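Participant: Can you read through this structure? Questions will come right after.
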Amino acid sequence: MTSLQTPTGALLQDRLKALTPARLKGMRRGIEKESLRAQPSGGLALTPHPAALGSALTHPSITTDFSESQVELVTGAHQDPEVALQELTQLHQFTYRSMQDMGDEMLWVSSMPCDLPTDETIPIARFGSSNVGRAKSVYRMGLSHRYGRRMQTISGIHYNWSLPDVTSEQYFALIRNFRRHAFLLLYLFGASPAVCSSFVAGRQHELQALNEHTKYMPYGTSLRMGRLGYQSDAQASLAVSYNSLEGYGASLQDALTRPYPAYEAVGIRNPGGDYNQLATTLLQIENEFYGTIRPKRVIKSGERPLHALRERGVEYIEVRLMDLDPFETIGINAQTMRFLDVFLLHCLLADSPPDTPEEIAELKHNQHQTAARGREPGLKLKRAGAEVGLSEWGAEVLAACAPIAAALDAAQGGSDYRDALQGAQTRLAQPDTTPSARVLAVMAQDFNNSFNRFVRAQSTQTKASLLALPFTAEQQAHYAALTQQSVQAQKQIEAADSLPFESYREQYVSAARLGLG
């Protein structure tokens, strides 16, 4: 019996029929892409964020993530995947043109970082002298004390997605199903099976040596999403439920207001008066909570994200587990985006029972197993207290996606969604075709199993490809104007500040700002 013949499959079919072509065409997606700036040698670039890119604080499309060396490019929300990719391509083109004054720097095309210097040498992003800018840097200083700077240099792609007329309750149902089936995305699109040895120097890990400077997992898919990635002992104590906005908000509020002894020992300031972190609670701010997917809402100036969610509900979801694909010029392609659309619609439409503490523990186990061993023949995952094969479970999910892909193609025309689904089915049946397997194969064939040499070559090739693409004078002028506007906007924010920073910090982290649900 296939999953489509079960009552759950019938329910999905009924819900799919209720989705009009107009609603399906109203689906929107945007991309946020992080990349380290690297030197030609494969070391981390320690130069400031290029001035020609404008203000990282106020630019709508070009900013920095944790590090001054970590560029983040952000598209708008688009109804057409190709239009989103077109914008992301132009952002890369402008960024590379702006970086030409920095010598031979390039954007590192892997999620796992380049050759890193000592932890304290990795530069924290700077956002100017305003209170909001200082708070952003202090937050990052807090991350460095809590988790170390190396972990924060991991880069990825976030996929922001929405569908018209979806309620908060429905988005939370989507999130629960996404977490159940996230293993499939790690298997299909994970592209970080190996790392530079500098990343794990002095740390306990389960990786094997591939050569003197490279560590890997033979069947690994996404070390970024495994035990080496965004993990922490402190956050391991958080078993956040996604059964409702109220419950999710209560879990986050607890983490944002609960003092954590190890962080209390670090303190808000050091003896010299410099700030160590924004708060001594388990989470400084909402963004510190590391999830594979987040419910999101555009916030007003100065508003806390949790307050916005509680007051106005979920507006879109942010998928956070996608690796940069080093074989794609801008890290992702249209077929991957279309598969994500199908997958997310499946998560929205399929029956989504409440999660339980037992299931949450199983999902964490499945994530770690797939990240470290996803391509291992016969790998078993946990589902409802029993073991199930990854390939068997994945095939069930993909079979249930077929009518969704057909409905999207009927609404949009063509067969792009069916083709995206077939591509996923091929990867599931042929592990050697996955990005993680391809990375290891090319490393072995052409680069003597060196992670750094492979990514340097891909990054150099990507840089040349992007600089060779046509870029009109109008496009250059458009982005140059955004640069100037962002610089002026930062100056205005700095000139308008009147509150001492400590007063600003106390007000910002106060529980009263989180909303009451």
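FYI, nothing fancy with the structure tokens labels: chains A, B, ... in order, residues from 1 per chain, ligands from 1 as they appear.
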Which residues, written as a list in words, have at least one atom at most 9 Å from region 76-83 of chain A, with only C-alpha atoms counted and residues fewer than 3 positions away on the same chain left out?
Facilitator: Lys25, Gly26, Met27, Arg28, Arg29, Gly30, Ile31, Pro60, Ser61, Gln86, Glu87, Leu88, Asn160, Trp161, Ser162, Asn333, Ala334, Gln335, Met337 and Arg338 of chain A
Participant: With a cut-off of 12 Å, could you pull out the residues of region 101-206 of chain A touching region 359-377 of chain A and give me the nearest pair of atoms for each, distance in Å to one decimal, using only C-alpha atoms, ordered by chain and ascending number, as CSV?
Facilitator:
```
residue,atom,partner,partner_atom,distance
A:Arg176,CA,A:Ile360,CA,9.7
A:Asn177,CA,A:Leu363,CA,10.7
A:Phe178,CA,A:Leu363,CA,10.4
A:Arg179,CA,A:Leu363,CA,6.9
A:Arg180,CA,A:Leu363,CA,6.3
A:His181,CA,A:Leu363,CA,8.7
A:Ala182,CA,A:Gln367,CA,7.4
A:Phe183,CA,A:Gln367,CA,5.7
A:Leu184,CA,A:Thr370,CA,8.4
A:Leu185,CA,A:Thr370,CA,9.6
A:Leu186,CA,A:Ala371,CA,6.5
A:Tyr187,CA,A:Gly374,CA,5.8
A:Leu188,CA,A:Gly374,CA,9.3
A:Phe189,CA,A:Ala371,CA,10.7
A:Gly190,CA,A:Ala371,CA,7.7
A:Ala191,CA,A:Ala371,CA,10.0
A:Ser192,CA,A:Ala371,CA,8.9
A:Pro193,CA,A:Ala372,CA,7.8
A:Ala194,CA,A:Ala372,CA,10.2
A:His205,CA,A:Ala372,CA,11.2
A:Glu206,CA,A:Ala372,CA,9.0
```
Participant: What gap, in Å, lies between CA of Val132 (chain A) and CA of Leu499 (chain A)?
Facilitator: 10.9 Å
Participant: Mind giving me the straight-line distance from CA of Ile404 (chain A) to CA of Gly331 (chain A) in Å, one decimal?
Facilitator: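 One can read the CA of Ile404 (chain A) to CA of Gly331 (chain A) distance as 25.4 Å.
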Participant: Closest to Lys382 (chain A) among A:Glu246, A:Arg418, A:Met102, A:Glu358, using only C-alpha atoms?
Facilitator: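 Closest to Lys382 (chain A) of all the choices is A:Glu358.
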Participant: Using only C-alpha atoms, which protein or nucleic acid residues come within 9 Å of Leu228 (chain A)? Drop anything in the same chain fewer than 3 positions from it, and give the result as a PDB file with C-alpha atoms, in the first residue's frame.
Facilitator:
```pdb
ATOM      1  CA  MET A 151      31.237  27.319  14.472  1.00  0.00           C
ATOM      2  CA  VAL A 200      38.144  20.689  14.293  1.00  0.00           C
ATOM      3  CA  HIS A 205      34.858  14.701  16.786  1.00  0.00           C
ATOM      4  CA  LEU A 223      28.485  17.914   8.465  1.00  0.00           C
ATOM      5  CA  ARG A 224      27.146  21.450   8.823  1.00  0.00           C
ATOM      6  CA  MET A 225      23.862  20.033  10.135  1.00  0.00           C
ATOM      7  CA  GLN A 231      24.898  22.506  18.176  1.00  0.00           C
TER       8      GLN A 231
END
```
Participant: When distances are computed from only C-alpha atoms, which of A:Gln284, A:Asn243, A:Gln100, A:Gln425 shows the smallest separation from Thr356 (chain A)?
Facilitator: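 Among the listed residues, the smallest separation from Thr356 (chain A) belongs to A:Asn243.
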Participant: One decimal, in Å: what's the spacing between CA of Leu73 (chain A) and CA of Glu34 (chain A)?
Facilitator: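 Result for CA of Leu73 (chain A) versus CA of Glu34 (chain A): 6.5 Å, one decimal.
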Participant: Write out as a tab-separated table a residue-level contact list of region 132-233 of chain A versus region 503-511 of chain A with cut-off 10 Å: for each qualifying residue the closest pair of atoms and the distance in Å to one decimal, counting only C-alpha atoms, rows sorted by chain and residue number upward.
Facilitator:
```
residue	atom	partner	partner_atom	distance
A:Val132	CA	A:Tyr504	CA	8.4
A:Arg134	CA	A:Arg505	CA	9.5
A:Ala135	CA	A:Arg505	CA	7.1
A:Val138	CA	A:Arg505	CA	9.8
```
Participant: Considering only C-alpha atoms, give me a table of residues in region 375-411 of chain A that are at most 10 Å from region 11-15 of chain A, with the closest atom pair and distance in Å for each, as a tab-separated table.
Facilitator:
```
residue	atom	partner	partner_atom	distance
A:Ala400	CA	A:Leu12	CA	8.5
A:Cys401	CA	A:Leu12	CA	9.7
A:Pro403	CA	A:Gln13	CA	7.7
A:Ile404	CA	A:Gln13	CA	8.6
```
Participant: Selected residues, C-alpha atoms, written as a tab-separated table (two decimals), in the first residue's frame, please.
Facilitator:
```tsv
chain	number	residue	atom	x	y	z
A	400	ALA	CA	3.21	11.47	-1.88
A	401	CYS	CA	4.73	14.53	-3.58
A	403	PRO	CA	0.25	14.87	-7.23
A	404	ILE	CA	1.56	18.12	-5.74
```
Participant: Using DSSP assignments from the backbone, pull out every residue in region 162-292 of chain A that falls under strand (DSSP E or B) and give it to me as number ranges by chain.
Facilitator: A: 162, 192, 194-196, 208-211, 214-216, 222, 259, 269, 275, 281
